[in-house]
Amino acid sequence: MRVLADRIVQVLRQVRGPAASEAVYEATALIVGGAFLVAGFAVALPVFWGHELAISGAGSIGAFAAYGGAATAAISFALGRLAVRPEAPDPAAARDGFSVPGDRLRWYDLTAIAFAHAAIAYLGWLGIAELLERSFVDAPVFAFPGAILVAVAFALTAYVCFLSAVALTPMVLSLVLAVFLVVGAFASMLASSDVHWWRDNLSALGMSSNSSSAAFNVTLVIAGIMVTTISRYATAGLPVDDPVDRRGRRVVRGGLILMGLFLACVGIFPVDEFFLLHNTVATGMAVVFAVVVVGLPWFLHSIPRVFVAFGWAYVLVIALLAAFFAVGYYNLTAVELIAAVLIFSWIIVFLRTAGSIGGTPRVLRESTPTATVAPD
């Protein structure tokens, strides 16, 4: 184990800095995954020895893989960020492995992203275990194969999370955000003590009387922090050739950050305890989204017109849903769910669009010493 640990440290030192090749990152991810494979087997086998284990439920291999996978995800994500952290960062180059020149990820950004990876791993392995339990009804799992399965789960989690941390970009963050929201929402729905929560509204999942409230509210808070992170970095590469463009970029960035703050506040202030404040921030998020989308061609002159039309269509659909709710055709839950899907899908497409018009790819920026970014 000591030799393996020394080898991991040596490889991590080799990949420090922006000049490391993708092949070295891939090799390092395999080593990290192998280390967690060995560690997972060494921990699981003594725990499982002498027992016949269930696939899911309390004390099962599914629960063990879920809790251990969450810890593995957080640790491997931290290792990935250390691997791409330069010793002497250049202010004019991308820092911390993030494709935004002259900027860096803050500690709260990394904490939220690491938590999202851990939550995805935890809920993902729980869901897989439940699916296998229903496929192999009443099938016991013995200690040795159970330890191997858990070790493989740890290794796969470490491999994926390490590569996600190394290749962290606004687009990768948007995909992590989407997966995190989906698994967090479904986990809240499945854990709800009120099976008819949908008759009220989506925020009913966050009520203090509901057993799913913690999962739902924490999901919204972490997602809100991630939206603010994505907003800052996704707009950093947009072209700003004159003061008007620079001012427009600030407006769009501020609007997206405000949406993230409102989303976090929706989770911080549950509807049953802060009814007026909860509804205000939830409505404010929709209003800010509409303002940003409708004003996009004036804020960002370089944005493609087809994307502008795409966003206007989304706003019209949300307005139509609100009209259906007003006349009693849809309930509030349906409107909130569809609006949330539309808003976050727009954010993901906006990231791709901004990246396509945002200038030089990361590799070219790093290899061109004269590359600069206009200051805000």
# chains A, B, ... in the order shown; residues from 1 in each chain; ligands from 1
$ residues_around --residues "A:Ile268" --least-positions-apart "6" --cutoff "9 Å" --atoms "only C-alpha atoms" --output "compact mmCIF listing (two decimals) with C-alpha atoms, in the first residue's frame"
# COMPACT_ATOMS: atom_id res chain seq x y z
CA ASN A 217 -34.13 21.70 0.14
CA VAL A 218 -30.44 20.74 0.15
CA LEU A 220 -32.07 23.30 -4.34
CA VAL A 221 -29.42 25.11 -2.27
CA HIS A 278 -40.72 31.45 -0.70
$ residues_around --residues "A:Phe136" --least-positions-apart "4" --cutoff "12 Å" --atoms "only C-alpha atoms" --output "PDB file with all heavy atoms, in the first residue's frame"
ATOM      1  N   ALA A  54     -28.151  -8.854   1.867  1.00  0.00           N
ATOM      2  CA  ALA A  54     -29.190  -8.484   0.906  1.00  0.00           C
ATOM      3  C   ALA A  54     -28.594  -7.513  -0.114  1.00  0.00           C
ATOM      4  O   ALA A  54     -27.565  -6.884   0.117  1.00  0.00           O
ATOM      5  CB  ALA A  54     -30.369  -7.835   1.624  1.00  0.00           C
ATOM      6  N   ILE A  55     -29.259  -7.410  -1.257  1.00  0.00           N
ATOM      7  CA  ILE A  55     -28.763  -6.510  -2.301  1.00  0.00           C
ATOM      8  C   ILE A  55     -29.058  -5.063  -1.957  1.00  0.00           C
ATOM      9  O   ILE A  55     -28.230  -4.176  -2.177  1.00  0.00           O
ATOM     10  CB  ILE A  55     -29.369  -6.887  -3.666  1.00  0.00           C
ATOM     11  CG1 ILE A  55     -28.953  -8.307  -4.049  1.00  0.00           C
ATOM     12  CG2 ILE A  55     -28.928  -5.895  -4.742  1.00  0.00           C
ATOM     13  CD1 ILE A  55     -29.566  -8.792  -5.344  1.00  0.00           C
ATOM     14  N   SER A  56     -30.237  -4.795  -1.423  1.00  0.00           N
ATOM     15  CA  SER A  56     -30.601  -3.434  -1.027  1.00  0.00           C
ATOM     16  C   SER A  56     -31.251  -3.458   0.344  1.00  0.00           C
ATOM     17  O   SER A  56     -31.587  -4.519   0.869  1.00  0.00           O
ATOM     18  CB  SER A  56     -31.567  -2.808  -2.049  1.00  0.00           C
ATOM     19  OG  SER A  56     -32.814  -3.467  -2.033  1.00  0.00           O
ATOM     20  N   ALA A 129     -28.918  -0.639  -6.809  1.00  0.00           N
ATOM     21  CA  ALA A 129     -29.140  -1.755  -5.885  1.00  0.00           C
ATOM     22  C   ALA A 129     -30.627  -2.119  -5.804  1.00  0.00           C
ATOM     23  O   ALA A 129     -30.986  -3.294  -5.768  1.00  0.00           O
ATOM     24  CB  ALA A 129     -28.612  -1.387  -4.497  1.00  0.00           C
ATOM     25  N   GLU A 130     -31.486  -1.107  -5.785  1.00  0.00           N
ATOM     26  CA  GLU A 130     -32.925  -1.381  -5.740  1.00  0.00           C
ATOM     27  C   GLU A 130     -33.381  -2.094  -7.002  1.00  0.00           C
ATOM     28  O   GLU A 130     -34.205  -3.023  -6.953  1.00  0.00           O
ATOM     29  CB  GLU A 130     -33.680  -0.063  -5.563  1.00  0.00           C
ATOM     30  CG  GLU A 130     -35.182  -0.212  -5.432  1.00  0.00           C
ATOM     31  CD  GLU A 130     -35.618  -0.957  -4.191  1.00  0.00           C
ATOM     32  OE1 GLU A 130     -34.858  -0.923  -3.190  1.00  0.00           O
ATOM     33  OE2 GLU A 130     -36.699  -1.580  -4.214  1.00  0.00           O
ATOM     34  N   LEU A 131     -32.847  -1.696  -8.140  1.00  0.00           N
ATOM     35  CA  LEU A 131     -33.199  -2.355  -9.396  1.00  0.00           C
ATOM     36  C   LEU A 131     -32.733  -3.809  -9.406  1.00  0.00           C
ATOM     37  O   LEU A 131     -33.476  -4.715  -9.826  1.00  0.00           O
ATOM     38  CB  LEU A 131     -32.570  -1.587 -10.568  1.00  0.00           C
ATOM     39  CG  LEU A 131     -32.791  -2.178 -11.967  1.00  0.00           C
ATOM     40  CD1 LEU A 131     -34.274  -2.199 -12.310  1.00  0.00           C
ATOM     41  CD2 LEU A 131     -32.023  -1.380 -13.012  1.00  0.00           C
ATOM     42  N   LEU A 132     -31.519  -4.060  -8.924  1.00  0.00           N
ATOM     43  CA  LEU A 132     -31.016  -5.437  -8.867  1.00  0.00           C
ATOM     44  C   LEU A 132     -31.805  -6.272  -7.870  1.00  0.00           C
ATOM     45  O   LEU A 132     -32.030  -7.470  -8.087  1.00  0.00           O
ATOM     46  CB  LEU A 132     -29.532  -5.422  -8.489  1.00  0.00           C
ATOM     47  CG  LEU A 132     -28.582  -4.851  -9.544  1.00  0.00           C
ATOM     48  CD1 LEU A 132     -27.165  -4.753  -8.998  1.00  0.00           C
ATOM     49  CD2 LEU A 132     -28.608  -5.715 -10.803  1.00  0.00           C
ATOM     50  N   PRO A 140     -29.430 -14.123  -1.992  1.00  0.00           N
ATOM     51  CA  PRO A 140     -28.412 -13.650  -1.045  1.00  0.00           C
ATOM     52  C   PRO A 140     -27.093 -13.372  -1.762  1.00  0.00           C
ATOM     53  O   PRO A 140     -26.823 -13.889  -2.838  1.00  0.00           O
ATOM     54  CB  PRO A 140     -28.267 -14.837  -0.085  1.00  0.00           C
ATOM     55  CG  PRO A 140     -28.559 -16.026  -0.951  1.00  0.00           C
ATOM     56  CD  PRO A 140     -29.590 -15.584  -1.962  1.00  0.00           C
ATOM     57  N   VAL A 141     -26.276 -12.535  -1.140  1.00  0.00           N
ATOM     58  CA  VAL A 141     -24.956 -12.232  -1.663  1.00  0.00           C
ATOM     59  C   VAL A 141     -23.938 -12.621  -0.599  1.00  0.00           C
ATOM     60  O   VAL A 141     -24.032 -12.180   0.549  1.00  0.00           O
ATOM     61  CB  VAL A 141     -24.819 -10.741  -2.008  1.00  0.00           C
ATOM     62  CG1 VAL A 141     -23.420 -10.452  -2.563  1.00  0.00           C
ATOM     63  CG2 VAL A 141     -25.877 -10.312  -3.011  1.00  0.00           C
TER      64      VAL A 141
END
$ residues_around --residues "A:His51" --least-positions-apart "6" --cutoff "12 Å" --atoms "only C-alpha atoms" --output "PDB file with C-alpha atoms, in the first residue's frame"
ATOM      1  CA  ALA A  44     -15.674  -4.535   2.671  1.00  0.00           C
ATOM      2  CA  LEU A  45     -14.411  -8.100   3.043  1.00  0.00           C
ATOM      3  CA  GLY A  59     -27.025  -3.337   6.036  1.00  0.00           C
ATOM      4  CA  SER A  60     -26.972  -4.417   2.374  1.00  0.00           C
ATOM      5  CA  ILE A  61     -24.169  -4.201  -0.156  1.00  0.00           C
ATOM      6  CA  PRO A 140     -28.412 -13.650  -1.045  1.00  0.00           C
ATOM      7  CA  VAL A 141     -24.956 -12.232  -1.663  1.00  0.00           C
ATOM      8  CA  PHE A 142     -21.944 -13.890  -0.026  1.00  0.00           C
ATOM      9  CA  ALA A 143     -19.047 -12.006   1.506  1.00  0.00           C
ATOM     10  CA  PHE A 144     -16.346 -12.483  -1.157  1.00  0.00           C
ATOM     11  CA  PRO A 145     -18.405 -11.608  -4.281  1.00  0.00           C
ATOM     12  CA  GLY A 146     -20.106  -8.837  -2.312  1.00  0.00           C
ATOM     13  CA  ALA A 147     -16.745  -7.283  -1.462  1.00  0.00           C
TER      14      ALA A 147
END
$ select_by_dssp --residues "stretch 98-258 of chain A" --states "alpha helix (DSSP H)" --output "number ranges by chain"
A: 107-135, 143-166, 170-191, 213-234, 243-258
$ residues_around --residues "A:Val43" --least-positions-apart "6" --cutoff "10 Å" --atoms "only C-alpha atoms" --output "short mmCIF file (atom, residue, chain, number, x, y, z; two decimals) with N, CA and C atoms, in the first residue's frame"
data_model
loop_
_atom_site.label_atom_id
_atom_site.label_comp_id
_atom_site.auth_asym_id
_atom_site.auth_seq_id
_atom_site.Cartn_x
_atom_site.Cartn_y
_atom_site.Cartn_z
N GLY A 68 -20.17 4.42 0.85
CA GLY A 68 -18.76 4.45 0.46
C GLY A 68 -18.54 5.16 -0.86
N ALA A 147 -17.87 -8.20 -1.60
CA ALA A 147 -16.74 -7.28 -1.46
C ALA A 147 -16.20 -6.88 -2.82
N VAL A 150 -18.61 -4.29 -4.36
CA VAL A 150 -18.44 -2.98 -3.72
C VAL A 150 -17.15 -2.33 -4.18
N ALA A 151 -16.07 -3.11 -4.27
CA ALA A 151 -14.79 -2.56 -4.71
C ALA A 151 -14.88 -2.03 -6.13
#
$ closest_residue --among "A:Ala66, A:Ala35, A:Ala155, A:Ala290" --to "A:Trp125" --atoms "only C-alpha atoms"
A:Ala66
$ residues_around --residues "stretch 172-184 of chain A" --least-positions-apart "3" --cutoff "6 Å" --atoms "only C-alpha atoms" --output "number ranges by chain"
A: 120, 168-169, 187, 219, 348
$ write_last_selection --atoms "C-alpha atoms" --output "PDB file, in the first residue's frame"
ATOM      1  CA  ILE A 120     -25.066  11.539  -7.470  1.00  0.00           C
ATOM      2  CA  LEU A 168     -14.092  20.612 -15.333  1.00  0.00           C
ATOM      3  CA  THR A 169     -15.619  23.176 -17.708  1.00  0.00           C
ATOM      4  CA  ALA A 187     -35.015  10.856  -4.392  1.00  0.00           C
ATOM      5  CA  THR A 219     -30.713  19.832  -3.533  1.00  0.00           C
ATOM      6  CA  ILE A 348     -27.404  24.125 -20.755  1.00  0.00           C
TER       7      ILE A 348
END
$ residues_around --residues "A:Val227" --least-positions-apart "3" --cutoff "10 Å" --atoms "only C-alpha atoms" --output "list in words"
Asp109, Pro170, Leu173, Ser174, Leu177, Val221, Ile222, Ala223, Gly224, Ile230, Ser231, Arg232, Leu256, Ile257, Leu258, Met259, Gly260, Leu261, Leu263, Ala264, Phe344 and Ile347 of chain A
$ residues_around --residues "A:Val315" --least-positions-apart "3" --cutoff "9 Å" --atoms "only C-alpha atoms" --output "list in words"
Phe289, Ala290, Val293, Val294, Gly311, Trp312, Ile318, Ala319, Leu320, Leu342 and Ile343 of chain A
